[in-house]
Amino acid sequence: MDLNYPAEAESFRKEIHAWLEENLPPGWFEPGFSMSGEERLHFNETWTEKLFAGGWICAGWPVEYGGKGLTLMEQVVLNEEFAKANTPMRADFFGDTLVGPTILQWGTDEQKKEFIPGILHGSIAWCQGFSEPNSGSDLASLKTSAVLDGDEWVINGQKVWTTQAQHADYVFLLTRTDPHAPQHAGISYHLVPMHQEGVDVRPITQVDGSGEFNEVFFTNARCPKNNVVGGVNNGWKVAMTTLGFERGSSSTTGYRRFLKEWELIVKETTRVNKNDDALVRDALVKAWSKVKIMEINGYRSLTDALNNTHNAALLGACNKMFWSEAHRSSMELAMNILGMEAQILTGKGPVDGPSGALRRGRADYPVSDLQAQFFFSRSETIWGGTAEIQRNIIGERALGLPKEPKVQNA
């Protein structure tokens with residue numbers, strides 16, 4: 001791998017950094033910077049507008065659809081500079097990163113005109129309706145149905161673990177539109193309004209008090225006939241495109257959140273006077289080495305994308321399996337270091353600083369940042385492809401091993 005960036009990329013990096021210095025609050029890059037609750041609220045309310053004005057939301061999209069038409073290398077540099085500044089660069093992850101690029105690739109001109117502007121402005125909130133109670137790892141077995149009734153699809157079924165569904169305006173939803181077709185062939189990809197009778201969102205309260213996951217029940221919910229992306233019964237292929245966008249240009253920045261957590265664990269280790277424990281120090285070094293491997297894996301994925309060697313799916317499976325298991329391990333280490341303190345609900349607020357909090361939660365949740373990340377890490381070896389499924393992909397497609405034998409029902 002050549003880790004040297006071309007001169008034009010470094011020039012673009014300076015342009016991004018200059019924009020950030022001009023638009024972020026004064027003192028943002030100084031050590032120890034913090035904001036009051038009121039200042040944080042104002043920043044959150046105005047930052048998306050600044051991003052849009054700067055053209056940084058969906059900057060990799062074609063110019064004709066509101067983007068800057070950035071090359072992959074420019075998108076990587078953009079992600080890196082925003083990550084270094086520890087500031088958000090998107091309005092809505094599901095819209096900007098997943099359904100938006102999917103609509104651009106598969107959508108009709110009418111769908112692009114209807115949905116792309118709202119995604120760019122951050123005025124439409126999205127959620128992803130893929131997983132079902134009995135169709136998680138085996139997504140193609142989904143049973144939520146869509147039946148055409150005149151100019152509308154009538155939808156019935158249930159989705160689960162639907163992140164941010166309680167705040168979403170639309171869901172990009174996988175349904176079964178041909179129950180007689182083979183599993184992968186009878187699926188369609190719908191854009192369904194959430195604010196209607198027949199859509200019931202029920203938050204799933206987690207042990208840390210958060211409720212970003214939801215069950216969503218569809219009872220004769222309706223969706224316009226023309227809101228199918230990529231054609232009827234072609235949803236599996238479209239959905240695989242959506243899942244592919246999750247890794248994209250963030251390949252060289254994903255490790256940074258794990259590095260920040262590792263630094264927090266080291267800080268907590270010192271606080272509880274375990275920094276001189278040889279076994280603890282050894283475990284911390286091993287955890288750090290795994291973060292460095294994540295960084296290297298990211299550059300390997302970037303190299304693959306730039307050289308078009310078509311190993312993205314296999315590298316993605318390897319990387320997903322590695323980082324999710326490494327994160328679980330590091331969070332278990334954090335809980336072990338904190339000992340009995342880790343078993344107590346602390347009621348601590350978020351970490352003060354430019355990002356507001358390392359944890360996925362709100363200040364009123366009765367858990368610390370590391371406790372919240374410990375809870376969330378338990379899900380990371382499941383969502384986005386379970387570790388077991390990733391191992392099958394790697395074994396069968398990369399190593400050429402025999403397929404796992406199917407268990408026959410008695």
# chains A, B, ... in the order shown; residues from 1 in each chain; ligands from 1

$ residues_around --residues "Leu173 of chain A" --least-positions-apart "6" --cutoff "8 Å" --atoms "only C-alpha atoms" --output "ChimeraX atom specification"
/A:128-130,189-192

$ select_by_dssp --residues "segment 50-280 of chain A" --states "strand (DSSP E)" --output "number ranges by chain"
A: 126-129, 145-149, 152-159, 170-176, 187-193, 199-203, 214-224

$ residues_around --residues "segment 56-73 of chain A" --least-positions-apart "5" --cutoff "10 Å" --atoms "only C-alpha atoms" --output "PyMOL selection string"
chain A and resi 5-6+8-9+12+16+48-51+78-79+89-92+95-97+100-101+104+112-113+116-117+119-122+248-249+302+305-306

$ write_last_selection --atoms "C-alpha atoms" --output "compact mmCIF listing (two decimals), in the first residue's frame"
# COMPACT_ATOMS: atom_id res chain seq x y z
CA TYR A 5 -1.70 11.10 -0.90
CA PRO A 6 -1.37 12.92 -4.26
CA GLU A 8 -4.07 17.64 -5.40
CA ALA A 9 -5.61 15.72 -2.50
CA PHE A 12 -8.02 19.98 -1.15
CA ILE A 16 -11.45 21.86 3.89
CA THR A 48 -26.55 21.52 9.12
CA GLU A 49 -27.33 24.85 7.43
CA LYS A 50 -23.63 25.69 7.32
CA LEU A 51 -22.79 22.27 5.91
CA LEU A 78 -13.12 15.26 3.31
CA ASN A 79 -14.05 12.48 5.76
CA MET A 89 -20.51 16.17 8.28
CA ARG A 90 -23.96 14.86 7.44
CA ALA A 91 -27.56 15.79 8.10
CA ASP A 92 -29.05 12.28 8.31
CA GLY A 95 -30.57 9.60 3.97
CA ASP A 96 -27.11 10.88 3.08
CA THR A 97 -25.22 7.61 3.10
CA GLY A 100 -29.81 8.78 -1.18
CA PRO A 101 -27.02 7.07 -3.16
CA LEU A 104 -29.32 8.10 -7.43
CA LYS A 112 -34.82 11.79 -7.64
CA LYS A 113 -36.73 15.06 -7.99
CA ILE A 116 -32.98 14.08 -3.29
CA PRO A 117 -33.53 17.78 -2.38
CA ILE A 119 -32.02 14.58 1.73
CA LEU A 120 -29.57 17.33 0.82
CA HIS A 121 -31.33 19.89 3.01
CA GLY A 122 -31.75 17.43 5.88
CA GLY A 248 -17.75 3.80 1.28
CA SER A 249 -15.36 6.70 1.74
CA LEU A 302 -9.20 2.30 0.08
CA ALA A 305 -11.38 0.84 -4.27
CA LEU A 306 -8.83 3.08 -6.02

$ closest_atom_pairs --of "segment 52-140 of chain A" --to "segment 194-208 of chain A" --cutoff "10 Å" --atoms "only C-alpha atoms" --output "tab-separated table"
residue	atom	partner	partner_atom	distance
A:Ala125	CA	A:Met194	CA	9.9
A:Trp126	CA	A:Met194	CA	9.1
A:Cys127	CA	A:Met194	CA	9.3

$ closest_residue --among "A:Ile393, A:Ala83, A:Val272, A:Ala313" --to "Gly339 of chain A" --atoms "only C-alpha atoms"
A:Val272

$ atom_distance --atom1 "atom CA of Gly150 of chain A" --atom2 "atom CA of Lys225 of chain A"
7.9 Å

$ select_by_dssp --residues "segment 51-245 of chain A" --states "helix (DSSP H, G or I)" --output "PyMOL selection string"
chain A and resi 51-54+63-65+72-85+93-106+109-121+139-141+165-167+225-227+235-245

$ residues_around --residues "segment 176-181 of chain A" --least-positions-apart "2" --cutoff "6 Å" --atoms "only C-alpha atoms" --output "list in words"
Thr144, Ser145, Ala146, Ala185, Gly186 and Ile187 of chain A

$ write_last_selection --atoms "N, CA, C and O atoms" --output "CSV table (one decimal), in the first residue's frame"
chain,number,residue,atom,x,y,z
A,144,THR,N,-42.8,-9.5,5.4
A,144,THR,CA,-43.6,-8.3,5.3
A,144,THR,C,-44.1,-8.2,3.8
A,144,THR,O,-43.3,-8.3,2.9
A,145,SER,N,-45.4,-8.1,3.6
A,145,SER,CA,-46.0,-8.2,2.2
A,145,SER,C,-46.4,-6.8,1.7
A,145,SER,O,-46.7,-5.9,2.5
A,146,ALA,N,-46.4,-6.7,0.4
A,146,ALA,CA,-46.9,-5.5,-0.3
A,146,ALA,C,-47.7,-6.0,-1.4
A,146,ALA,O,-47.2,-6.7,-2.3
A,185,ALA,N,-35.9,-13.5,-5.2
A,185,ALA,CA,-36.5,-13.0,-6.4
A,185,ALA,C,-37.8,-12.2,-6.3
A,185,ALA,O,-38.1,-11.4,-7.1
A,186,GLY,N,-38.5,-12.4,-5.2
A,186,GLY,CA,-39.8,-11.8,-5.0
A,186,GLY,C,-39.8,-10.6,-4.0
A,186,GLY,O,-40.9,-10.3,-3.4
A,187,ILE,N,-38.7,-9.9,-3.9
A,187,ILE,CA,-38.6,-8.8,-2.9
A,187,ILE,C,-38.6,-7.5,-3.7
A,187,ILE,O,-37.9,-7.3,-4.7

$ residues_around --residues "Asn23 of chain A" --least-positions-apart "2" --cutoff "10 Å" --atoms "only C-alpha atoms" --output "PyMOL selection string"
chain A and resi 17-21+25-26+28+47+50-51+54

$ write_last_selection --atoms "all heavy atoms" --output "compact mmCIF listing (two decimals), in the first residue's frame"
# COMPACT_ATOMS: atom_id res chain seq x y z
N HIS A 17 -9.85 22.26 5.65
CA HIS A 17 -9.45 22.70 6.99
C HIS A 17 -9.70 24.20 7.17
O HIS A 17 -10.16 24.64 8.24
CB HIS A 17 -7.99 22.37 7.25
CG HIS A 17 -7.55 22.64 8.65
ND1 HIS A 17 -7.87 21.81 9.70
CD2 HIS A 17 -6.83 23.67 9.19
CE1 HIS A 17 -7.37 22.30 10.83
NE2 HIS A 17 -6.74 23.43 10.54
N ALA A 18 -9.42 24.97 6.14
CA ALA A 18 -9.65 26.41 6.21
C ALA A 18 -11.14 26.71 6.41
O ALA A 18 -11.51 27.61 7.18
CB ALA A 18 -9.12 27.09 4.96
N TRP A 19 -11.99 25.96 5.71
CA TRP A 19 -13.43 26.17 5.86
C TRP A 19 -13.88 25.82 7.28
O TRP A 19 -14.69 26.54 7.88
CB TRP A 19 -14.19 25.31 4.85
CG TRP A 19 -15.67 25.58 4.85
CD1 TRP A 19 -16.36 26.48 4.11
CD2 TRP A 19 -16.65 24.90 5.67
NE1 TRP A 19 -17.70 26.43 4.39
CE2 TRP A 19 -17.92 25.48 5.35
CE3 TRP A 19 -16.60 23.90 6.62
CZ2 TRP A 19 -19.10 25.07 5.96
CZ3 TRP A 19 -17.77 23.50 7.24
CH2 TRP A 19 -19.01 24.07 6.91
N LEU A 20 -13.36 24.75 7.82
CA LEU A 20 -13.72 24.35 9.17
C LEU A 20 -13.28 25.40 10.19
O LEU A 20 -14.04 25.75 11.11
CB LEU A 20 -13.08 23.00 9.51
CG LEU A 20 -13.68 21.77 8.82
CD1 LEU A 20 -12.78 20.55 9.01
CD2 LEU A 20 -15.08 21.49 9.34
N GLU A 21 -12.08 25.92 10.04
CA GLU A 21 -11.60 26.95 10.96
C GLU A 21 -12.48 28.20 10.92
O GLU A 21 -12.72 28.85 11.93
CB GLU A 21 -10.15 27.31 10.64
CG GLU A 21 -9.13 26.27 11.07
CD GLU A 21 -7.72 26.78 10.93
OE1 GLU A 21 -7.45 27.49 9.93
OE2 GLU A 21 -6.89 26.49 11.81
N PRO A 25 -17.11 27.08 15.87
CA PRO A 25 -17.03 28.10 16.91
C PRO A 25 -15.58 28.43 17.27
O PRO A 25 -14.70 27.57 17.20
CB PRO A 25 -17.74 27.42 18.10
CG PRO A 25 -18.66 26.43 17.48
CD PRO A 25 -17.95 25.93 16.26
N PRO A 26 -15.30 29.68 17.62
CA PRO A 26 -13.94 30.08 18.00
C PRO A 26 -13.40 29.19 19.13
O PRO A 26 -14.09 28.90 20.10
CB PRO A 26 -14.13 31.53 18.49
CG PRO A 26 -15.37 32.01 17.78
CD PRO A 26 -16.25 30.80 17.68
N TRP A 28 -12.47 26.06 18.81
CA TRP A 28 -12.82 24.65 18.63
C TRP A 28 -11.59 23.74 18.63
O TRP A 28 -11.61 22.64 19.19
CB TRP A 28 -13.60 24.48 17.33
CG TRP A 28 -14.11 23.10 17.06
CD1 TRP A 28 -13.40 22.05 16.55
CD2 TRP A 28 -15.43 22.61 17.31
NE1 TRP A 28 -14.20 20.94 16.43
CE2 TRP A 28 -15.46 21.26 16.90
CE3 TRP A 28 -16.59 23.19 17.82
CZ2 TRP A 28 -16.61 20.47 16.99
CZ3 TRP A 28 -17.73 22.40 17.90
CH2 TRP A 28 -17.74 21.06 17.49
N TRP A 47 -25.63 23.97 12.48
CA TRP A 47 -24.51 23.35 11.77
C TRP A 47 -24.94 22.74 10.43
O TRP A 47 -24.21 22.87 9.43
CB TRP A 47 -23.86 22.29 12.65
CG TRP A 47 -22.63 21.68 12.03
CD1 TRP A 47 -22.42 20.37 11.74
CD2 TRP A 47 -21.43 22.37 11.64
NE1 TRP A 47 -21.18 20.18 11.19
CE2 TRP A 47 -20.54 21.40 11.11
CE3 TRP A 47 -21.04 23.70 11.68
CZ2 TRP A 47 -19.29 21.73 10.63
CZ3 TRP A 47 -19.76 24.03 11.20
CH2 TRP A 47 -18.90 23.05 10.68
N LYS A 50 -24.98 25.32 7.77
CA LYS A 50 -23.63 25.69 7.32
C LYS A 50 -23.05 24.62 6.41
O LYS A 50 -22.39 24.93 5.40
CB LYS A 50 -22.72 25.91 8.54
CG LYS A 50 -23.02 27.17 9.32
CD LYS A 50 -21.98 27.40 10.40
CE LYS A 50 -22.24 28.71 11.14
NZ LYS A 50 -21.20 28.98 12.17
N LEU A 51 -23.28 23.36 6.76
CA LEU A 51 -22.79 22.27 5.91
C LEU A 51 -23.40 22.36 4.52
O LEU A 51 -22.71 22.20 3.51
CB LEU A 51 -23.14 20.91 6.55
CG LEU A 51 -22.35 20.47 7.77
CD1 LEU A 51 -22.91 19.16 8.30
CD2 LEU A 51 -20.87 20.31 7.44
N GLY A 54 -21.97 25.22 2.56
CA GLY A 54 -20.62 24.90 2.09
C GLY A 54 -20.57 23.83 1.03
O GLY A 54 -19.51 23.59 0.43

$ residues_around --residues "segment 327-338 of chain A" --least-positions-apart "5" --cutoff "8 Å" --atoms "only C-alpha atoms" --output "JSON, numbers by chain"
{"A": [258, 262, 265, 268, 269, 272, 274, 280, 283, 287, 370, 371, 373, 374, 377, 378, 380]}

$ residues_around --residues "Val99 of chain A" --least-positions-apart "4" --cutoff "8 Å" --atoms "only C-alpha atoms" --output "list in words"
Phe94, Gly95, Ile103, Phe172 and Thr242 of chain A

$ atom_distance --atom1 "atom CA of Gly230 of chain A" --atom2 "atom CA of Gly107 of chain A"
6.0 Å

$ closest_residue --among "A:Met35, A:Leu243, A:Ala7, A:Leu24" --to "Val77 of chain A" --atoms "only C-alpha atoms"
A:Ala7

$ closest_residue --among "A:Leu148, A:Val154, A:Val229, A:Ala221" --to "Ser188 of chain A" --atoms "only C-alpha atoms"
A:Val229
